[in-house]
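Asks: Sending over entry_32.tsv (TSV, C-alpha atoms).
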```tsv
chain	number	residue	atom	x	y	z
A	1	MET	CA	0.00	0.00	0.00
A	2	SER	CA	1.29	3.45	-0.89
A	3	PHE	CA	2.30	5.75	1.96
A	4	ASP	CA	-0.36	8.39	2.64
A	5	PRO	CA	1.04	11.71	3.94
A	6	ALA	CA	-2.36	12.35	5.54
A	7	SER	CA	-1.48	9.60	8.03
A	8	LEU	CA	1.04	11.88	9.73
A	9	VAL	CA	-0.19	12.95	13.18
A	10	PHE	CA	0.89	16.40	14.36
A	11	SER	CA	0.91	17.57	17.96
A	12	GLN	CA	1.93	20.79	19.71
A	13	PRO	CA	4.83	20.29	22.16
A	14	GLU	CA	4.87	22.38	25.32
A	15	SER	CA	8.23	23.90	24.39
A	16	PRO	CA	10.36	24.25	21.23
A	17	THR	CA	11.85	20.97	20.08
A	18	ASP	CA	15.09	20.07	18.33
A	19	ILE	CA	14.67	19.23	14.65
A	20	ARG	CA	15.93	15.67	14.28
A	21	ALA	CA	16.12	13.20	11.42
A	22	SER	CA	12.61	11.92	12.19
A	23	THR	CA	11.00	15.33	12.74
A	24	VAL	CA	8.30	16.35	10.26
A	25	LEU	CA	7.22	19.99	10.17
A	26	PRO	CA	3.85	21.17	8.85
A	27	ALA	CA	3.31	21.38	5.10
A	28	ARG	CA	0.68	20.70	2.48
A	29	ARG	CA	1.62	17.20	1.31
A	30	GLU	CA	0.08	15.22	-1.50
A	31	ASN	CA	0.86	12.08	-3.42
A	32	VAL	CA	1.27	12.88	-7.10
A	33	GLU	CA	1.62	11.00	-10.37
A	34	PHE	CA	2.70	12.13	-13.82
A	35	LEU	CA	3.12	10.51	-17.19
A	36	THR	CA	6.29	10.57	-19.29
A	37	GLU	CA	6.33	11.18	-23.01
A	38	ASP	CA	7.08	7.48	-23.57
A	39	GLY	CA	4.13	6.38	-21.47
A	40	LYS	CA	5.59	5.60	-18.02
A	41	LEU	CA	3.54	6.56	-14.95
A	42	LEU	CA	5.84	7.94	-12.25
A	43	VAL	CA	4.90	8.30	-8.58
A	44	GLY	CA	6.00	10.99	-6.18
A	45	GLU	CA	5.11	13.49	-3.48
A	46	LEU	CA	4.79	17.26	-3.48
A	47	ALA	CA	5.33	19.09	-0.20
A	48	SER	CA	4.54	22.80	-0.26
A	49	PRO	CA	4.13	25.52	2.38
A	50	GLU	CA	0.87	25.48	4.34
A	51	SER	CA	0.42	29.19	3.75
A	52	GLY	CA	2.12	32.13	2.09
A	53	GLU	CA	3.98	32.33	-1.17
A	54	ILE	CA	6.30	29.62	-2.42
A	55	SER	CA	9.83	31.05	-2.48
A	56	ALA	CA	11.32	28.30	-4.67
A	57	THR	CA	10.60	24.83	-5.99
A	58	LEU	CA	13.03	21.92	-5.81
A	59	ILE	CA	12.68	19.16	-8.40
A	60	THR	CA	14.78	16.42	-6.83
A	61	LEU	CA	16.62	13.71	-8.77
A	62	HIS	CA	17.61	10.81	-6.56
A	63	PRO	CA	20.76	8.63	-6.37
A	64	LEU	CA	21.27	5.44	-8.36
A	65	PRO	CA	18.24	3.15	-7.91
A	66	THR	CA	20.33	0.02	-8.50
A	67	HIS	CA	22.31	0.97	-5.37
A	68	GLY	CA	19.45	1.93	-3.07
A	69	GLY	CA	18.63	5.42	-4.34
A	70	PHE	CA	15.00	6.52	-4.40
A	71	MET	CA	12.76	9.51	-3.64
A	72	ASP	CA	13.14	8.85	0.12
A	73	SER	CA	16.95	9.07	0.11
A	74	HIS	CA	17.57	10.87	3.38
A	75	VAL	CA	18.60	14.37	2.24
A	76	TYR	CA	15.50	14.66	0.06
A	77	ARG	CA	13.26	13.23	2.74
A	78	LYS	CA	14.57	15.82	5.21
A	79	ALA	CA	14.13	18.56	2.60
A	80	SER	CA	10.46	17.65	2.25
A	81	TYR	CA	10.06	17.43	6.04
A	82	ARG	CA	11.61	20.84	6.74
A	83	LEU	CA	11.91	23.28	3.87
A	84	PRO	CA	8.23	24.10	3.27
A	85	ALA	CA	7.94	25.29	6.89
A	86	LEU	CA	11.42	26.75	7.39
A	87	ALA	CA	11.97	28.46	4.03
A	88	GLY	CA	8.70	28.46	2.07
A	89	VAL	CA	10.25	26.02	-0.41
A	90	ALA	CA	8.17	23.42	-2.27
A	91	VAL	CA	9.82	20.01	-2.67
A	92	LEU	CA	8.88	17.61	-5.46
A	93	ARG	CA	10.24	14.11	-4.95
A	94	PHE	CA	9.59	11.22	-7.31
A	95	ASN	CA	10.83	7.77	-8.25
A	96	THR	CA	12.45	7.51	-11.65
A	97	ARG	CA	11.34	4.64	-13.89
A	98	GLY	CA	11.40	1.24	-12.24
A	99	THR	CA	12.26	2.66	-8.80
A	100	HIS	CA	10.37	1.55	-5.68
A	101	SER	CA	9.81	3.28	-2.34
A	102	PRO	CA	7.08	3.33	0.33
A	103	ARG	CA	5.23	5.77	-1.94
A	104	GLY	CA	5.01	3.10	-4.64
A	105	THR	CA	6.78	1.94	-7.78
A	106	SER	CA	7.19	3.97	-10.96
A	107	GLN	CA	6.53	2.09	-14.17
A	108	GLY	CA	9.32	0.92	-16.44
A	109	HIS	CA	12.84	-0.19	-15.62
A	110	PHE	CA	16.22	1.41	-15.04
A	111	GLU	CA	17.69	2.64	-18.34
A	112	GLU	CA	21.19	3.80	-17.35
A	113	GLY	CA	20.21	7.48	-17.49
A	114	ILE	CA	19.00	7.39	-21.11
A	115	GLY	CA	15.26	6.78	-20.81
A	116	GLU	CA	15.33	8.75	-17.57
A	117	ARG	CA	15.50	11.88	-19.71
A	118	TYR	CA	11.74	11.53	-20.13
A	119	ASP	CA	11.37	11.26	-16.35
A	120	VAL	CA	13.16	14.57	-15.76
A	121	GLU	CA	11.14	16.23	-18.50
A	122	ALA	CA	7.89	14.91	-17.03
A	123	ALA	CA	8.74	16.14	-13.51
A	124	VAL	CA	9.67	19.62	-14.74
A	125	ARG	CA	6.53	19.74	-16.89
A	126	PHE	CA	4.40	18.74	-13.90
A	127	ALA	CA	5.94	21.49	-11.74
A	128	ALA	CA	5.44	24.09	-14.48
A	129	GLU	CA	1.83	23.07	-15.13
A	130	ARG	CA	1.09	23.27	-11.42
A	131	GLY	CA	2.38	26.84	-11.46
A	132	LEU	CA	5.17	26.12	-8.99
A	133	PRO	CA	7.55	29.10	-9.20
A	134	ASN	CA	11.33	29.51	-9.25
A	135	ARG	CA	12.04	25.92	-10.24
A	136	TRP	CA	15.46	24.35	-9.59
A	137	LEU	CA	16.84	20.91	-10.30
A	138	VAL	CA	18.57	19.29	-7.34
A	139	GLY	CA	20.53	16.18	-8.24
A	140	TRP	CA	22.33	13.78	-5.94
A	141	SER	CA	24.92	11.31	-7.30
A	142	PHE	CA	23.16	9.62	-10.25
A	143	GLY	CA	20.66	12.47	-10.08
A	144	THR	CA	23.47	14.95	-10.84
A	145	GLU	CA	24.12	13.07	-14.08
A	146	LEU	CA	20.49	13.56	-15.11
A	147	ALA	CA	20.61	17.24	-14.18
A	148	LEU	CA	23.83	17.81	-16.12
A	149	MET	CA	22.83	15.76	-19.16
A	150	TYR	CA	19.36	17.23	-19.62
A	151	GLY	CA	18.92	20.38	-17.54
A	152	ALA	CA	20.67	22.83	-19.87
A	153	VAL	CA	18.87	21.78	-23.07
A	154	GLU	CA	15.26	22.04	-24.16
A	155	PRO	CA	12.57	21.34	-23.23
A	156	ILE	CA	13.94	21.63	-19.68
A	157	ALA	CA	16.33	24.58	-19.87
A	158	SER	CA	13.67	27.25	-20.30
A	159	GLN	CA	11.62	25.80	-17.43
A	160	VAL	CA	14.26	25.87	-14.67
A	161	GLU	CA	16.43	28.55	-13.11
A	162	GLY	CA	19.50	26.38	-12.54
A	163	ALA	CA	20.71	23.36	-10.59
A	164	VAL	CA	22.33	22.28	-7.35
A	165	LEU	CA	24.46	19.13	-7.48
A	166	LEU	CA	25.27	16.89	-4.51
A	167	SER	CA	28.20	14.46	-4.86
A	168	PRO	CA	28.52	14.48	-8.66
A	169	PRO	CA	30.45	11.42	-9.92
A	170	LEU	CA	30.74	12.72	-13.51
A	171	HIS	CA	30.49	9.19	-14.89
A	172	ARG	CA	27.70	9.56	-17.44
A	173	ALA	CA	27.85	13.33	-17.71
A	174	THR	CA	30.71	14.43	-19.96
A	175	ASP	CA	32.52	17.60	-20.92
A	176	VAL	CA	29.92	18.02	-23.67
A	177	HIS	CA	27.21	18.41	-21.03
A	178	LEU	CA	29.36	20.75	-18.95
A	179	LYS	CA	29.85	22.94	-22.01
A	180	GLU	CA	26.09	22.99	-22.55
A	181	TRP	CA	25.68	24.29	-19.02
A	182	SER	CA	28.36	26.88	-19.67
A	183	ALA	CA	26.56	28.06	-22.80
A	184	SER	CA	23.23	28.22	-20.99
A	185	GLY	CA	24.58	30.71	-18.45
A	186	LYS	CA	22.38	29.13	-15.81
A	187	PRO	CA	23.72	29.00	-12.25
A	188	LEU	CA	25.19	25.73	-11.08
A	189	THR	CA	26.23	24.99	-7.50
A	190	VAL	CA	28.29	21.87	-6.85
A	191	LEU	CA	28.58	20.49	-3.30
A	192	VAL	CA	31.46	18.04	-3.12
A	193	PRO	CA	32.22	15.96	-0.01
A	194	GLU	CA	35.84	16.01	1.13
A	195	HIS	CA	35.88	12.21	1.30
A	196	ASP	CA	33.71	11.44	-1.71
A	197	ASP	CA	34.19	7.98	-3.24
A	198	TYR	CA	34.13	9.22	-6.82
A	199	LEU	CA	35.00	12.89	-7.24
A	200	GLN	CA	36.73	14.96	-4.57
A	201	PRO	CA	36.90	18.76	-4.33
A	202	ALA	CA	40.21	19.42	-6.12
A	203	GLU	CA	39.29	17.31	-9.15
A	204	ALA	CA	35.74	18.67	-9.14
A	205	THR	CA	37.08	22.23	-9.26
A	206	GLU	CA	39.18	21.29	-12.27
A	207	ARG	CA	36.40	19.44	-14.11
A	208	PHE	CA	33.78	22.13	-13.51
A	209	GLY	CA	36.22	24.76	-14.70
A	210	LEU	CA	34.44	24.28	-18.04
A	211	VAL	CA	31.43	26.04	-16.49
A	212	PRO	CA	32.59	29.55	-15.51
A	213	GLN	CA	29.40	30.29	-13.58
A	214	ALA	CA	29.65	27.10	-11.50
A	215	ARG	CA	30.28	27.46	-7.78
A	216	VAL	CA	32.16	24.42	-6.47
A	217	LEU	CA	32.12	24.05	-2.71
A	218	GLY	CA	34.08	21.35	-0.89
A	219	ILE	CA	32.47	20.23	2.36
A	220	ASP	CA	35.03	19.24	5.00
A	221	GLY	CA	34.47	15.86	6.62
A	222	ALA	CA	31.52	14.85	4.44
A	223	LYS	CA	31.19	11.62	2.46
A	224	HIS	CA	29.28	10.73	-0.70
A	225	LEU	CA	26.06	9.85	1.12
A	226	TRP	CA	26.06	12.90	3.44
A	227	VAL	CA	25.48	10.65	6.45
A	228	GLY	CA	25.01	12.56	9.70
A	229	GLU	CA	22.63	15.35	10.65
A	230	LYS	CA	25.47	17.89	10.53
A	231	TYR	CA	26.04	17.28	6.83
A	232	ALA	CA	22.40	16.93	5.81
A	233	ALA	CA	21.62	20.23	7.51
A	234	ARG	CA	24.57	21.89	5.78
A	235	VAL	CA	23.29	20.70	2.40
A	236	LEU	CA	19.83	22.13	3.08
A	237	ASP	CA	21.35	25.45	4.18
A	238	GLU	CA	23.37	25.69	0.99
A	239	ILE	CA	20.37	24.81	-1.19
A	240	VAL	CA	18.16	27.44	0.45
A	241	ASP	CA	20.93	30.04	0.15
A	242	ASP	CA	21.10	29.35	-3.58
A	243	VAL	CA	17.45	29.12	-4.54
A	244	THR	CA	15.73	31.73	-2.36
A	245	GLU	CA	16.16	35.47	-2.05
A	246	ALA	CA	16.12	35.40	1.76
A	247	GLY	CA	18.55	32.49	2.04
A	248	ALA	CA	19.08	30.33	5.11
A	249	GLY	CA	20.34	33.21	7.24
A	250	PRO	CA	23.78	33.85	8.77
A	251	ASP	CA	23.42	30.92	11.17
A	252	GLY	CA	21.68	28.60	8.74
A	253	LEU	CA	18.13	27.33	8.95
A	254	PRO	CA	16.58	26.99	12.43
A	255	ARG	CA	17.53	23.81	14.26
A	256	ARG	CA	14.59	24.11	16.66
A	257	TRP	CA	10.85	24.47	16.01
A	258	ALA	CA	8.12	25.94	18.21
A	259	GLY	CA	5.08	24.76	16.26
A	260	PRO	CA	3.29	21.45	15.69
A	261	VAL	CA	5.45	18.47	14.76
A	262	ALA	CA	5.04	14.86	13.73
A	263	THR	CA	7.57	12.05	13.83
A	264	VAL	CA	8.19	9.11	11.52
```
Represent the structure of the file as structure tokens.
Replies:
Amino acid sequence: MSFDPASLVFSQPESPTDIRASTVLPARRENVEFLTEDGKLLVGELASPESGEISATLITLHPLPTHGGFMDSHVYRKASYRLPALAGVAVLRFNTRGTHSPRGTSQGHFEEGIGERYDVEAAVRFAAERGLPNRWLVGWSFGTELALMYGAVEPIASQVEGAVLLSPPLHRATDVHLKEWSASGKPLTVLVPEHDDYLQPAEATERFGLVPQARVLGIDGAKHLWVGEKYAARVLDEIVDDVTEAGAGPDGLPRRWAGPVATV
């Protein structure tokens, strides 16, 4: 059975609480589906602010599904739990073709990043048709390959503002794709863990030198999977700084919350 976000139970603590990995802050959450151009039905979730304007929209592209990546990969799950309430940011998560999570299974099968082009196009089209503003691609690992390969060319390029990359391996994405990003002029932020298994900060700085507008930021102590609340929170701070006008603030996003909370 697909996970229903309406099953979350919120309560009002007597005092402000620390925001932990399992903390869910209020948002308008809905299960969504959209169809790709080649006929695959993809499943996902949209979390948006309960009230007020949406400051930005994240279209998240998850890590490699053949190695455990899916829409619930922890950084994206925490983004959906926190960012609508803390920063007014809408978060669209979805499973690429053939990928399974508690939300359900998207149709199709893994296609090594080739057929997944239609998945990215469908997600961006869904966000645009819903009127979600200030749309950004956020890719993690395999998801960075999809962002780099398809985000700077049509029909996606004109529908997004730019991209944020987490732990890019640069396996499938080539210099050709980096040059396409360069030509697009769209902003590109690259967060590279110090101890990444595939591409570390010095090499990343060299490789992304082909994109003059790219900002490459090495994160001391972090690893490819951003394990640890310290690193997940840092990623969310950097994303909000990039995609919203207000940013995360000089001390980063709040680490405590005074309103209703749920836990998972």
Asks: Using all atoms listed in the file, which of A:Ala202, A:Ser182, A:Val138, A:Ala128 sits nearest Glu238 (chain A)?
Replies: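 Among A:Ala202, A:Ser182, A:Val138, A:Ala128, it is A:Val138 that comes nearest to Glu238 (chain A).
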Asks: Please provide as a PyMOL selection string all residues within 12 Å of Gly247 (chain A), with the sequence filter that same-chain residues fewer than 5 positions apart are discarded (counting all atoms listed in the file).
Replies: chain A and resi 55-56+83+86-89+236-242+252-254
Asks: Those same residues, written as a PDB file, keeping the file's coordinate frame with C-alpha atoms?
Replies:
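Full text of part.pdb as output:
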```pdb
ATOM      1  CA  SER A  55       9.830  31.050  -2.480  1.00  0.00           C
ATOM      2  CA  ALA A  56      11.320  28.300  -4.670  1.00  0.00           C
ATOM      3  CA  LEU A  83      11.910  23.280   3.870  1.00  0.00           C
ATOM      4  CA  LEU A  86      11.420  26.750   7.390  1.00  0.00           C
ATOM      5  CA  ALA A  87      11.970  28.460   4.030  1.00  0.00           C
ATOM      6  CA  GLY A  88       8.700  28.460   2.070  1.00  0.00           C
ATOM      7  CA  VAL A  89      10.250  26.020  -0.410  1.00  0.00           C
ATOM      8  CA  LEU A 236      19.830  22.130   3.080  1.00  0.00           C
ATOM      9  CA  ASP A 237      21.350  25.450   4.180  1.00  0.00           C
ATOM     10  CA  GLU A 238      23.370  25.690   0.990  1.00  0.00           C
ATOM     11  CA  ILE A 239      20.370  24.810  -1.190  1.00  0.00           C
ATOM     12  CA  VAL A 240      18.160  27.440   0.450  1.00  0.00           C
ATOM     13  CA  ASP A 241      20.930  30.040   0.150  1.00  0.00           C
ATOM     14  CA  ASP A 242      21.100  29.350  -3.580  1.00  0.00           C
ATOM     15  CA  GLY A 252      21.680  28.600   8.740  1.00  0.00           C
ATOM     16  CA  LEU A 253      18.130  27.330   8.950  1.00  0.00           C
ATOM     17  CA  PRO A 254      16.580  26.990  12.430  1.00  0.00           C
TER      18      PRO A 254
END
```
Asks: Under the rule that all atoms listed in the file are counted, which of A:Thr96, A:Ser7, A:Gln200, A:Ser48 is the nearest residue to Leu170 (chain A)?
Replies: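 Among A:Thr96, A:Ser7, A:Gln200, A:Ser48, it is A:Gln200 that comes nearest to Leu170 (chain A).
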Asks: Find, counting all atoms listed in the file, the residue in A:Glu45, A:Asp72, A:Glu53, A:Glu161 that gets nearest to Asn134 (chain A).
Replies: A:Glu161
Asks: With all atoms listed in the file as the atoms that count, which of A:Arg97, A:Arg117, A:Arg82, A:Arg256 lies nearest to Glu154 (chain A)?
Replies: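 Result for the nearest residue to Glu154 (chain A): A:Arg117.
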Asks: Is it possible to get the residues within 12 Å of (33.9, 21.7, -10.2) (coordinates as in the file, counting only C-alpha atoms) written as a compact mmCIF listing (two decimals) with C-alpha atoms, keeping the file's coordinate frame?
Replies:
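Generated output (part.txt):
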```
# COMPACT_ATOMS: atom_id res chain seq x y z
CA VAL A 164 22.33 22.28 -7.35
CA LEU A 165 24.46 19.13 -7.48
CA LEU A 166 25.27 16.89 -4.51
CA SER A 167 28.20 14.46 -4.86
CA PRO A 168 28.52 14.48 -8.66
CA PRO A 169 30.45 11.42 -9.92
CA LEU A 170 30.74 12.72 -13.51
CA ASP A 175 32.52 17.60 -20.92
CA LEU A 178 29.36 20.75 -18.95
CA LEU A 188 25.19 25.73 -11.08
CA THR A 189 26.23 24.99 -7.50
CA VAL A 190 28.29 21.87 -6.85
CA LEU A 191 28.58 20.49 -3.30
CA VAL A 192 31.46 18.04 -3.12
CA PRO A 193 32.22 15.96 -0.01
CA LEU A 199 35.00 12.89 -7.24
CA GLN A 200 36.73 14.96 -4.57
CA PRO A 201 36.90 18.76 -4.33
CA ALA A 202 40.21 19.42 -6.12
CA GLU A 203 39.29 17.31 -9.15
CA ALA A 204 35.74 18.67 -9.14
CA THR A 205 37.08 22.23 -9.26
CA GLU A 206 39.18 21.29 -12.27
CA ARG A 207 36.40 19.44 -14.11
CA PHE A 208 33.78 22.13 -13.51
CA GLY A 209 36.22 24.76 -14.70
CA LEU A 210 34.44 24.28 -18.04
CA VAL A 211 31.43 26.04 -16.49
CA PRO A 212 32.59 29.55 -15.51
CA GLN A 213 29.40 30.29 -13.58
CA ALA A 214 29.65 27.10 -11.50
CA ARG A 215 30.28 27.46 -7.78
CA VAL A 216 32.16 24.42 -6.47
CA LEU A 217 32.12 24.05 -2.71
CA GLY A 218 34.08 21.35 -0.89
```
Asks: Please report the interatomic distance between CA of Ala147 (chain A) and CA of Thr99 (chain A) in Å with one decimal.
Replies: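 Separating CA of Ala147 (chain A) from CA of Thr99 (chain A) is a distance of 17.6 Å.
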Asks: Go ahead and compute the interatomic distance for CA of Gly259 (chain A) and CA of Val9 (chain A), in Å to one decimal.
Replies: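 Interatomic distance here is 13.3 Å.
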Asks: Considering all atoms listed in the file, state which residue in the set A:His67, A:Arg125, A:Arg103, A:Lys230 is at the smallest distance from Pro155 (chain A).
Replies: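 Closest to Pro155 (chain A) of all the choices is A:Arg125.
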Asks: Could you tell me how far CA of Glu121 (chain A) lies from CA of Thr36 (chain A), in Å and to one decimal?
Replies: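 Spanning CA of Glu121 (chain A) to CA of Thr36 (chain A) is a straight-line distance of 7.5 Å.
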Asks: Could you check which of A:Val153, A:Ala27, A:Val32, A:Ala163 is closest to Thr60 (chain A), using all atoms listed in the file?
Replies: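 Looking only at the distances to Thr60 (chain A), the closest residue turns out to be A:Ala163.
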